[in-house]
$ cat input-v9.cif   # mmCIF, C-alpha atoms
data_model
#
loop_
_atom_site.label_atom_id
_atom_site.label_comp_id
_atom_site.auth_asym_id
_atom_site.auth_seq_id
_atom_site.Cartn_x
_atom_site.Cartn_y
_atom_site.Cartn_z
CA MET A 137 -0.19 78.56 61.25
CA LYS A 138 -2.08 75.47 62.29
CA GLY A 139 -3.83 73.80 59.39
CA ALA A 140 -1.68 75.42 56.72
CA PHE A 141 -0.30 72.07 55.66
CA THR A 142 -1.79 69.52 53.32
CA MET A 143 -2.64 65.96 54.28
CA LYS A 144 -3.31 63.22 51.78
CA THR A 145 -6.17 61.40 53.44
CA VAL A 146 -7.47 57.96 52.55
CA VAL A 147 -10.86 56.61 53.59
CA ILE A 148 -11.65 52.93 53.42
CA LYS A 149 -14.84 51.02 54.10
CA LYS A 150 -14.19 48.15 56.46
CA ASN A 151 -16.61 45.73 54.87
CA GLU A 152 -15.16 46.23 51.41
CA THR A 153 -11.65 45.69 52.74
CA ALA A 154 -12.71 42.55 54.59
CA VAL A 155 -14.40 41.10 51.53
CA LYS A 156 -11.33 41.74 49.38
CA THR A 157 -9.14 40.19 52.07
CA ALA A 158 -11.38 37.12 52.23
CA GLU A 159 -11.20 36.69 48.44
CA ARG A 160 -7.44 37.06 48.46
CA LEU A 161 -6.86 34.61 51.29
CA LYS A 162 -9.23 32.09 49.76
CA ARG A 163 -7.32 32.29 46.48
CA TYR A 164 -4.00 31.68 48.22
CA TYR A 165 -5.56 28.87 50.21
CA ASP A 166 -6.82 27.20 47.04
CA LEU A 167 -3.41 27.58 45.40
CA ARG A 168 -1.40 26.67 48.48
CA PRO A 169 1.78 25.04 47.36
CA PHE A 170 1.68 21.84 49.33
CA ARG A 171 -0.40 20.11 46.72
CA ARG A 172 2.73 20.01 44.55
CA ASN A 173 5.11 18.95 47.26
CA ARG A 174 5.79 15.25 47.06
CA GLU A 175 6.54 14.89 50.75
CA VAL A 176 3.18 16.15 51.84
CA LYS A 177 0.95 14.74 49.13
CA THR A 178 -2.01 12.87 50.47
CA LYS A 179 -2.34 9.11 50.16
CA GLU A 180 -5.10 9.63 47.60
CA GLU A 181 -2.87 11.85 45.47
CA ARG A 182 -0.02 9.34 45.53
CA LYS A 183 -2.47 6.55 44.73
CA GLY A 184 -3.77 8.59 41.83
CA GLU A 185 -0.26 9.00 40.44
CA LYS A 186 0.35 5.24 40.54
CA ASN A 187 -2.82 4.61 38.62
CA VAL A 188 -1.86 6.93 35.77
CA MET B 269 -19.94 56.89 58.52
CA PHE B 270 -17.92 60.08 58.87
CA ASN B 271 -17.40 62.42 55.94
CA GLN B 272 -14.56 64.64 54.71
CA ASP B 273 -15.72 67.56 56.85
CA ASP B 274 -15.47 65.36 59.95
CA ILE B 275 -11.96 64.36 58.93
CA ASN B 276 -10.89 67.96 58.34
CA GLU B 277 -12.29 68.96 61.72
CA LYS B 278 -10.39 66.11 63.37
CA ILE B 279 -7.17 67.23 61.70
CA MET B 280 -7.64 70.80 62.91
CA GLU B 281 -8.48 69.66 66.43
CA CYS B 282 -5.80 67.17 67.24
CA MET B 283 -2.84 67.75 64.99
CA ASN B 284 0.26 68.65 66.96
CA LYS B 285 3.77 67.29 67.37
CA ASP B 286 2.91 65.10 70.34
CA TYR B 287 -0.11 63.55 68.58
CA ILE B 288 1.90 62.86 65.44
CA LEU B 289 4.78 61.16 67.27
CA LYS B 290 2.50 59.08 69.46
CA ASN B 291 0.25 57.94 66.65
CA THR B 292 2.33 57.58 63.51
CA HIS B 293 2.24 54.01 62.22
CA LEU B 294 4.34 52.41 59.54
CA ALA B 295 3.08 50.51 56.51
CA MET B 296 4.68 48.55 53.74
CA GLU B 297 3.76 49.47 50.22
CA SER B 298 5.09 48.73 46.78
CA ALA B 299 8.17 50.68 45.78
CA ALA B 300 6.40 51.50 42.51
CA SER B 301 3.54 53.09 44.41
CA TYR B 302 5.94 54.93 46.69
CA LYS B 303 7.88 56.29 43.74
CA LEU B 304 4.88 58.44 42.84
CA LYS B 305 4.95 60.16 46.23
CA ALA B 306 8.69 60.06 47.00
CA ASN B 307 9.02 63.82 46.71
CA PHE B 308 6.59 64.52 49.51
CA VAL B 309 6.54 61.44 51.77
CA PRO B 310 9.61 60.26 53.74
CA THR B 311 10.57 56.60 53.81
CA ASP B 312 13.01 54.44 55.74
CA ASP B 313 14.61 51.14 54.81
CA LYS B 314 15.96 49.95 58.15
CA LEU B 315 13.76 46.86 58.05
CA THR B 316 13.33 46.35 54.33
CA LYS B 317 16.61 47.26 52.68
CA ASP B 318 16.99 43.71 51.36
CA MET B 319 13.35 43.42 50.31
CA LYS B 320 13.27 44.42 46.67
CA GLY B 321 10.19 46.33 45.57
CA ILE B 322 8.99 47.36 49.03
CA ALA B 323 9.00 50.78 50.70
CA ILE B 324 7.96 51.79 54.21
CA VAL B 325 5.75 54.84 54.65
CA PRO B 326 4.49 56.64 57.77
CA TYR B 327 0.79 57.29 58.21
CA LEU B 328 -1.58 58.60 60.84
CA PRO B 329 -4.88 57.02 61.80
CA LEU B 330 -7.39 59.87 61.91
CA MET B 331 -10.88 58.51 62.40
CA GLU B 332 -12.51 55.12 62.79
CA ASP B 333 -16.02 53.85 63.34
CA ASP B 334 -17.82 50.56 62.69
CA ASP B 335 -18.00 51.24 58.96
CA GLY B 336 -14.75 52.86 58.00
CA ARG B 337 -11.34 54.17 58.70
CA ALA B 338 -9.59 57.39 57.67
CA THR B 339 -5.82 57.77 57.56
CA ALA B 340 -3.32 60.29 56.24
CA LEU B 341 0.22 59.95 55.01
CA VAL B 342 2.75 61.86 57.08
CA THR B 343 4.37 64.14 54.54
CA TYR B 344 7.50 66.31 54.65
CA ASP B 345 5.05 69.20 54.72
CA VAL B 346 3.63 67.96 58.02
CA LEU B 347 7.10 67.44 59.47
CA ASP B 348 8.07 71.00 58.56
CA GLN B 349 4.84 72.42 59.98
CA PHE B 350 5.36 70.82 63.39
CA GLY B 351 9.16 70.93 63.62
CA ILE B 352 9.65 67.18 63.48
CA THR B 353 12.77 65.64 61.97
CA LYS B 354 12.60 62.50 59.86
CA THR B 355 14.76 60.70 62.43
CA GLU B 356 12.38 61.68 65.25
CA LEU B 357 9.40 60.54 63.25
CA PHE B 358 10.76 57.09 62.42
CA GLU B 359 12.12 56.50 65.92
CA ALA B 360 8.64 57.13 67.30
CA ALA B 361 7.00 55.10 64.55
CA TYR B 362 9.19 52.04 65.17
CA LYS B 363 8.28 52.25 68.85
CA ASN B 364 4.62 52.39 67.91
CA LEU B 365 5.12 49.38 65.63
CA ASP B 366 6.30 47.29 68.57
CA GLU B 367 3.17 48.24 70.49
CA ASP B 368 0.94 46.99 67.67
CA THR B 369 1.44 43.28 68.29
CA SER B 370 1.43 40.97 65.30
CA ARG B 371 -1.34 38.39 64.88
CA ILE B 372 -0.44 35.02 63.44
CA ARG B 373 -2.96 32.36 62.46
CA SER B 374 -2.98 29.22 60.42
CA LEU B 375 -4.52 30.01 57.03
CA THR B 376 -6.57 26.82 57.27
CA ASP B 377 -8.01 28.11 60.52
CA VAL B 378 -8.76 31.50 58.99
CA ILE B 379 -10.49 29.95 55.98
CA GLY B 380 -12.37 27.48 58.17
CA SER B 381 -13.87 30.20 60.31
CA MET B 382 -14.14 32.80 57.62
CA THR B 383 -16.29 35.63 58.81
CA LEU B 384 -15.61 39.30 58.24
CA GLU B 385 -15.08 39.76 61.95
CA GLY B 386 -12.70 36.83 62.11
CA ILE B 387 -10.60 38.04 59.21
CA MET B 388 -10.33 41.58 60.44
CA GLY B 389 -8.36 40.69 63.50
CA ASN B 390 -10.90 39.66 66.08
CA GLY B 391 -10.13 35.97 66.06
CA GLU B 392 -7.85 36.37 69.06
CA ASP B 393 -8.62 32.93 70.44
CA HIS B 394 -6.93 31.34 67.46
CA CYS B 395 -3.82 33.49 67.36
CA LEU B 396 -0.44 31.82 67.62
CA GLU B 397 2.73 33.04 69.19
CA PRO B 398 5.73 32.92 66.83
CA GLU B 399 7.17 30.21 69.07
CA ASP B 400 4.09 28.02 68.43
CA LEU B 401 4.73 27.66 64.69
CA THR B 402 5.91 24.33 63.38
CA THR B 403 7.20 22.98 60.08
CA ASP B 404 5.00 19.91 60.09
CA VAL B 405 1.75 21.71 59.46
CA GLY B 406 1.00 21.57 55.77
CA ASP B 407 -0.26 25.10 55.73
CA LEU B 408 0.53 28.75 55.27
CA TYR B 409 0.52 31.12 58.20
CA TYR B 410 -1.29 34.45 58.02
CA VAL B 411 0.51 37.40 59.62
CA THR B 412 -1.12 40.78 60.18
CA ASN B 413 -1.68 43.36 62.93
CA LYS B 414 -4.54 43.85 65.39
CA SER B 415 -6.76 45.65 62.90
CA ALA B 416 -5.71 43.65 59.81
CA PHE B 417 -5.24 47.05 58.17
CA ARG B 418 -1.85 47.78 56.58
CA GLY B 419 -0.61 44.89 58.68
CA ALA B 420 2.08 43.38 56.43
CA ILE B 421 4.73 45.26 58.35
CA SER B 422 3.71 43.60 61.60
CA ILE B 423 6.09 40.74 60.85
CA PHE B 424 8.74 43.12 62.17
CA SER B 425 6.82 44.02 65.32
CA ASN B 426 8.75 42.90 68.40
CA ASP B 427 11.14 40.92 66.19
CA THR B 428 8.36 38.56 65.15
CA HIS B 429 10.36 37.67 62.02
CA LYS B 430 13.31 36.46 64.08
CA ARG B 431 11.16 34.65 66.62
CA ILE B 432 9.41 32.73 63.84
CA GLY B 433 12.84 31.86 62.44
CA GLU B 434 13.89 30.44 65.78
CA ALA B 435 10.79 28.21 65.71
CA ILE B 436 10.80 26.95 62.12
CA GLY B 437 14.17 27.95 60.62
CA ASP B 438 14.25 29.57 57.18
CA TYR B 439 10.85 30.46 55.78
CA TYR B 440 9.42 32.11 52.71
CA ILE B 441 7.32 35.26 52.89
CA ILE B 442 4.52 35.75 50.38
CA PRO B 443 3.61 39.44 50.02
CA SER B 444 -0.10 38.82 49.60
CA SER B 445 -0.99 42.48 50.15
CA ILE B 446 -0.12 45.58 52.15
CA HIS B 447 -2.54 44.28 54.79
CA GLU B 448 -0.99 40.90 55.48
CA LEU B 449 1.79 38.45 54.63
CA LEU B 450 1.69 34.69 54.32
CA ILE B 451 4.61 32.57 55.45
CA VAL B 452 5.63 28.97 54.89
CA SER B 453 8.62 26.93 55.97
CA CYS B 454 11.28 26.53 53.28
CA LYS B 455 11.12 22.81 54.02
CA ASN B 456 7.62 22.59 52.59
CA VAL B 457 7.81 24.29 49.21
CA GLU B 458 9.97 25.45 46.31
CA ALA B 459 10.40 29.20 45.87
CA ASP B 460 9.79 29.17 42.12
CA PHE B 461 6.34 27.72 42.63
CA LEU B 462 5.55 30.41 45.22
CA SER B 463 6.70 33.06 42.80
CA ASP B 464 4.30 31.77 40.16
CA ILE B 465 1.45 31.91 42.67
CA VAL B 466 2.20 35.47 43.79
CA LYS B 467 2.43 36.77 40.24
CA SER B 468 -0.75 35.03 39.16
CA VAL B 469 -2.77 36.30 42.13
CA ASN B 470 -1.49 39.86 41.72
CA ALA B 471 -2.31 39.77 38.00
CA SER B 472 -5.75 38.27 38.54
CA GLY B 473 -7.38 41.51 39.70
CA ILE B 474 -8.35 39.94 42.99
CA VAL B 475 -5.97 42.25 44.84
CA ALA B 476 -6.94 45.93 44.62
CA ASP B 477 -4.25 47.95 42.85
CA ASN B 478 -3.56 50.01 45.95
CA ASP B 479 -3.20 46.86 48.04
CA ILE B 480 -0.63 45.07 45.86
CA LEU B 481 2.65 44.83 47.72
CA SER B 482 5.10 43.03 45.46
CA ASP B 483 5.57 40.30 42.86
CA GLU B 484 8.71 39.09 44.61
CA VAL B 485 9.05 36.27 47.13
CA TYR B 486 11.07 36.92 50.25
CA LYS B 487 12.85 34.66 52.65
CA PHE B 488 13.87 34.90 56.28
CA ASP B 489 17.48 33.78 56.34
CA SER B 490 18.00 32.56 59.88
CA GLU B 491 21.76 32.51 59.52
CA ALA B 492 21.85 36.17 58.51
CA GLY B 493 18.93 37.02 60.82
CA LYS B 494 17.17 39.10 58.18
CA VAL B 495 14.60 39.05 55.42
CA VAL B 496 16.01 38.98 51.90
CA THR B 497 14.63 38.78 48.38
CA VAL B 498 14.64 35.37 46.72
CA ASP B 499 16.57 35.46 43.47
CA LEU B 500 15.02 32.77 41.34
CA SER B 501 17.33 33.28 38.40
CA GLU B 502 20.34 32.35 40.50
CA GLY B 503 18.59 29.86 42.72
CA LYS B 504 19.76 31.81 45.73
CA THR B 505 18.81 34.89 47.68
CA ARG B 506 19.66 38.27 46.27
CA ASP B 507 21.57 40.98 48.05
CA VAL B 508 19.74 44.13 46.98
CA GLU B 509 22.55 46.38 48.14
CA GLU B 510 24.85 44.62 45.70
CA ASP B 511 22.27 45.12 42.95
CA LEU B 512 22.27 48.84 43.66
CA GLY B 513 26.06 48.97 43.63
CA LYS B 514 26.21 50.11 47.26
#
$ encode --input "input-v9.cif" --output "structure tokens"
Amino acid sequence: MKGAFTMKTVVIKKNETAVKTAERLKRYYDLRPFRRNREVKTKEERKGEKNV
Amino acid sequence: MFNQDDINEKIMECMNKDYILKNTHLAMESAASYKLKANFVPTDDKLTKDMKGIAIVPYLPLMEDDDGRATALVTYDVLDQFGITKTELFEAAYKNLDEDTSRIRSLTDVIGSMTLEGIMGNGEDHCLEPEDLTTDVGDLYYVTNKSAFRGAISIFSNDTHKRIGEAIGDYYIIPSSIHELLIVSCKNVEADFLSDIVKSVNASGIVADNDILSDEVYKFDSEAGKVVTVDLSEGKTRDVEEDLGK
């Protein structure tokens, strides 16, 4: 009989999802690994190391 | 926005074998989350058998408007009701996956033009083809699907994972959430540092519990032509099948 099955439905609000995505991506962007990679450090960062 | 009655009405109206096979999508989710529903939701590991901690589940989009989206997991109960085999379901779902083209963007570009519309998949002008990726951009790449909803799996759409590998060689995959992945060339970073980042972001509360995909870091191994789990303890990639004694 049609409809005699159960479906586990999920409802999401698009704005909430987008805000969470923005926060997540921003966090990864801020932590992006290249800042610790010697080969791609900026001139300023290398200069800063020499001065220490 | 629609309510539960609208959703129930939609289910009663349109649910049949043809609709299910044409519309079932696949999503990645954490194996821990899947474990709770393993008795009533089928899974398949064709694409992810070497990705520790990740399961693939089938779901149906039901309703969508400007404000929200309703989906339902495709359960064994539904398969029984409409005479669909698990093999039939996943064959159709993999075909549907290839029709939902992946979207790739530089994370710097995404952050630079950060609007809700831009993040949720409408920044088409800035999308890259896998062949466009390079190793000399000091950035992460953001990979999702058209809707940026449950889009982590889109890295497998139309062999995107292999095409990226042909462009940049081996690359790491950061499971930032069930909605998207981030990738970076292995030439640009050490895996142990990535692992620290993933664990800290997942533990920070910034990722909703239901959206957490994994604490592992994965790698596309271009020689093997597949995605594997990075084994930090050994300093090499881990063969999950060996771990399971298969």
$ closest_residue --input "input-v9.cif" --among "B:Asn271, B:Asn276, B:Thr339, B:Thr428" --to "Thr145 (chain A)" --atoms "only C-alpha atoms"
B:Thr339
$ atom_distance --input "input-v9.cif" --atom1 "CA of Asp489 (chain B)" --atom2 "CA of Lys162 (chain A)"
27.6 Å
$ resolve_selection --input "input-v9.cif" --expression "the PyMOL selection byres ((chain A and resi 150) around 10)" --output "MDAnalysis selection string"
(chainID A and resid 147:149 151:156) or (chainID B and resid 332:337 384 388 417)
$ interface_residues --input "input-v9.cif" --of "chain B" --to "chain A" --cutoff "8 Å" --atoms "only C-alpha atoms" --output "NGL selection string"
:B and (279-280 or 334-343 or 345-346 or 349 or 375-376 or 379 or 382 or 384 or 387-388 or 406-408 or 444 or 456-457 or 461-462 or 465 or 469 or 474-476)
$ resolve_selection --input "input-v9.cif" --expression "the PyMOL selection byres ((chain B and resi 460) around 12)" --output "number ranges by chain"
A: 169, 172; B: 440, 442, 454, 457-459, 461-467, 483-486, 498-504
$ atom_distance --input "input-v9.cif" --atom1 "CA of Phe350 (chain B)" --atom2 "CA of Lys285 (chain B)"
5.6 Å
$ atom_distance --input "input-v9.cif" --atom1 "CA of Asp318 (chain B)" --atom2 "CA of Ile441 (chain B)"
12.9 Å
$ closest_residue --input "input-v9.cif" --among "B:Tyr409, B:Asn478, B:Ile423, B:Tyr362" --to "Leu450 (chain B)" --atoms "all atoms listed in the file"
B:Tyr409
$ resolve_selection --input "input-v9.cif" --expression "the PyMOL selection byres ((chain B and resi 302-308) around 9)" --output "PyMOL selection string"
chain B and resi 297-301+309-311+322-325+342-345
$ closest_residue --input "input-v9.cif" --among "B:Val495, B:Met283, B:Leu330, B:Ala420" --to "Pro443 (chain B)" --atoms "only C-alpha atoms"
B:Ala420
